[in-house]
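Peer 1: Provided herewith is a single structure, encoded as structure tokens, for subsequent inquiry.
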Amino acid sequence: MDHFNYRNGTLHAEDVPLSEIASAVGTPVYVYSTATLRRHYKVFTDAFAGARASVFYAVKANSNLAVLKTLGDMGAGADVVSEGELRRALAAGIPPSRIVFSGVGKTAEELIFALDTGILEINVESVNELELLNTVAGERGKVAEIAIRVNPDVDAKTHHKISTGKKENKFGIDIAYALDIFKRAQAMPNLAPVTVAAHIGSQLTDLEPYRAAFQRLADLVRELRAEGIPIHRVDLGGGLGVPYAGETPPLPDAYAAVAREIIEPLDVEMLFEPGRMIVGNAGILLAKVLFVKQGESRRFVVVDAAMNDLIRPAMYDGYHGLKPVIERPEGTPMSPADIVGPICESGDTFAKERPLPLLNDGELVAFTTAGAYGAVMASTYNSRPLVPEVLVDGDRFAVIRPRQTYEEMLGADRIPDWLSGPGEQAVPKLAGMSG
Ligand SMILES: Cc1ncc(COP(=O)(O)O)c(C=O)c1O
Ligand SMILES: N[C@@H](CCCC[NH3+])C(=O)O
């Protein structure tokens, strides 16, 4: 359930007409609903009521500070995957004790920053990382509590680009090596391996892969304990899917029931890292139709948003619903249309042959379920400035990230002296050219 609904014939975010946001901020613009954010966080945490469970929101899904603060104020922790995300979580007021650091390739600088910050734990994903962390922790006179992320070799049955728990994926330590590697970690003077972690993929719509993975983790915990390694937390990752196109992902209650059934008997604290499930439906991308172009065989609707603003359709063939901001009466005839952006690539297509009502030049449309992996994956490809983000709360809204200006975008580049010296022409020489 979200809070983007038609009221008086026009699409609203909570109590604010989207047309009002477009007039104030322009398009394209991401719009998020506080009520949906809060609702989804609550539904997820309620599913674990009475359990020893904590939620570490996966910052990568939407890292805007206002979004982090909204969730952090409700008690959410943060799962971060870079120093940048760690700094964001801290800036939003999330205490270090509620932060975990995942990721397959952390730098020494990032590990040091995490240690100095005193976060809850670092999720280690390779032997080399164990050694590096042991060294840097030793240099700082610390014993770091760590999780070891294992790869349980389970097929998450999701898009291959976002599946992370199969042997052929780069993530975690093969579960077959886990016992040995936990023992090595245990023997390192500056590490305390206390957590078994896994994350098998994103946008899961089936509980069975979770069941299989959790079972393997539970077996591993028993094995580790039998070897004297005192595991007291299990980090079960994130990945719960959302309905983009009529999928019926498991509800948090059903997901929680599986986790509780398999993990609770171990008497450990359960850590969860949901991202998309919390923010996906809490955001839309509001855009304007520039031109409707009738080709010989296709109707193209060219909008002012593009793949640089929302890359999911181009990258994962991701589906996002499209709603005209002005509601159409029931029974309005539909005909297929391709929704495309202005970028010079055919991949800049949001939807192909999507049944849609007639759309008019200049009218507003909303791409739905764009709160997760939308703004965070934006780029300035084709020198299109990053689009703004707006947060709605009831009948008020605030710009939580302004539109990048052309000055900011161009000002980030530097022209070296040798191109801009007096009397020189700023034409780079081809490699290998003399003179
Ligand atoms: C380690 C880790 N935790 C949590 C998540 C959050 O995933 P999702 O947004 O699918 O819940 C991800 C991304 O898939 C991840 O890599
Ligand atoms: N970016 C992906 C999800 C990646 C999950 C990262 N762990 C998507 O939009 O579906």
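Residues in the structure tokens are numbered from 1 in each chain, the chains being A, B, ... in the order shown, and ligands are numbered from 1 in the order shown.
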Using only C-alpha atoms and all ligand atoms, find each protein or nucleic acid residue lying at most 6 Å from ligand 1; present the set as a count of residues only.

Peer 2: 16

Peer 1: Compile the contact shell of Thr34 of chain A as a list in words: residues with an atom at most 7 Å away, counting only C-alpha atoms, same-chain residues fewer than 6 positions apart removed.

Peer 2: Leu391, Val392 and Asp393 of chain A

Peer 1: Can I get the selected residues back with N, CA and C atoms, as a compact mmCIF listing (two decimals), in the first residue's frame?

Peer 2:
```txt
# COMPACT_ATOMS: atom_id res chain seq x y z
N LEU A 391 10.27 15.47 -0.42
CA LEU A 391 9.61 14.62 0.58
C LEU A 391 8.29 15.25 0.99
N VAL A 392 7.23 14.45 0.93
CA VAL A 392 5.90 14.92 1.32
C VAL A 392 5.58 14.35 2.70
N ASP A 393 4.94 15.17 3.50
CA ASP A 393 4.46 14.68 4.80
C ASP A 393 3.11 15.33 5.04
```

Peer 1: Could you check which of A:Ala245, A:Leu322, A:Ala47, A:Ala197 is closest to Phe101 of chain A, using only C-alpha atoms?

Peer 2: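 Ranked by minimum distance to Phe101 of chain A, first place goes to A:Ala197.
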
Peer 1: Write out as a Markdown table a residue-level contact list of segment 330-407 of chain A versus segment 281-289 of chain A with cut-off 12 Å: for each qualifying residue the closest pair of atoms and the distance in Å to one decimal, counting only C-alpha atoms, rows sorted by chain and residue number upward.

Peer 2:
```
| residue | atom | partner | partner_atom | distance |
| --- | --- | --- | --- | --- |
| A:Ile339 | CA | A:Val289 | CA | 9.3 |
| A:Val340 | CA | A:Val289 | CA | 9.7 |
| A:Gly341 | CA | A:Val289 | CA | 9.5 |
| A:Pro342 | CA | A:Val289 | CA | 10.8 |
| A:Phe350 | CA | A:Leu285 | CA | 11.7 |
| A:Leu358 | CA | A:Val289 | CA | 11.4 |
| A:Leu359 | CA | A:Val289 | CA | 7.8 |
| A:Asn360 | CA | A:Val289 | CA | 7.0 |
| A:Asp361 | CA | A:Val289 | CA | 5.3 |
| A:Gly362 | CA | A:Val289 | CA | 5.1 |
| A:Glu363 | CA | A:Val289 | CA | 5.4 |
| A:Leu364 | CA | A:Lys288 | CA | 4.4 |
| A:Val365 | CA | A:Ala287 | CA | 5.4 |
| A:Ala366 | CA | A:Leu286 | CA | 4.5 |
| A:Phe367 | CA | A:Leu285 | CA | 5.0 |
| A:Thr368 | CA | A:Ile284 | CA | 4.7 |
| A:Thr369 | CA | A:Asn281 | CA | 4.4 |
| A:Ala370 | CA | A:Ile284 | CA | 4.7 |
| A:Gly371 | CA | A:Gly283 | CA | 3.7 |
| A:Ala372 | CA | A:Gly283 | CA | 7.4 |
| A:Tyr373 | CA | A:Gly283 | CA | 10.3 |
| A:Gly374 | CA | A:Leu285 | CA | 8.3 |
| A:Ala375 | CA | A:Leu285 | CA | 8.9 |
| A:Ala378 | CA | A:Leu285 | CA | 11.9 |
| A:Val387 | CA | A:Leu285 | CA | 9.7 |
| A:Pro388 | CA | A:Leu285 | CA | 10.0 |
| A:Glu389 | CA | A:Leu285 | CA | 9.1 |
| A:Val390 | CA | A:Gly283 | CA | 9.5 |
| A:Leu391 | CA | A:Gly283 | CA | 9.0 |
| A:Val392 | CA | A:Gly283 | CA | 10.0 |
| A:Asp393 | CA | A:Ala282 | CA | 11.5 |
```

Peer 1: What's around segment 133-149 of chain A at 6 Å? Count only C-alpha atoms, leave out sequence neighbours fewer than 3 positions away in its own chain, and write the answer as a PyMOL selection string.

Peer 2: chain A and resi 121-125+129-130+172+190-193+195-198

Peer 1: Any chance you could export the current selection's C-alpha atoms as a PDB file, in the first residue's frame?

Peer 2:
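The resulting file, part-v2.pdb, is shown below:
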```pdb
ATOM      1  CA  GLU A 121      30.096  -4.814  13.134  1.00  0.00           C
ATOM      2  CA  ILE A 122      31.865  -5.187   9.836  1.00  0.00           C
ATOM      3  CA  ASN A 123      30.635  -7.928   7.506  1.00  0.00           C
ATOM      4  CA  VAL A 124      33.763  -9.526   6.105  1.00  0.00           C
ATOM      5  CA  GLU A 125      33.603 -11.267   2.742  1.00  0.00           C
ATOM      6  CA  GLU A 129      39.722  -8.749   4.113  1.00  0.00           C
ATOM      7  CA  LEU A 130      39.972 -10.660   7.417  1.00  0.00           C
ATOM      8  CA  GLY A 172      30.558 -13.925   0.599  1.00  0.00           C
ATOM      9  CA  ASN A 190      42.139  -8.462  16.822  1.00  0.00           C
ATOM     10  CA  LEU A 191      38.953 -10.002  15.492  1.00  0.00           C
ATOM     11  CA  ALA A 192      35.913 -11.435  17.246  1.00  0.00           C
ATOM     12  CA  PRO A 193      33.724 -13.343  14.799  1.00  0.00           C
ATOM     13  CA  THR A 195      27.884 -13.210  13.475  1.00  0.00           C
ATOM     14  CA  VAL A 196      27.011 -15.380  10.516  1.00  0.00           C
ATOM     15  CA  ALA A 197      25.664 -13.265   7.640  1.00  0.00           C
ATOM     16  CA  ALA A 198      24.148 -13.877   4.229  1.00  0.00           C
TER      17      ALA A 198
END
```

Peer 1: Using only C-alpha atoms, which of the listed residues (A:Pro96, A:Asp267, A:Gly318, A:Lys69) sits closest to His159 of chain A?

Peer 2: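 The answer is A:Gly318, which sits nearest to His159 of chain A.
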
Peer 1: Pick out the closest residue to ligand 2 from this set: A:Gly246, A:Pro402, A:Gly241, A:Pro329. Count only C-alpha atoms and all ligand atoms.

Peer 2: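 Among the listed residues, the smallest separation from ligand 2 belongs to A:Gly241.
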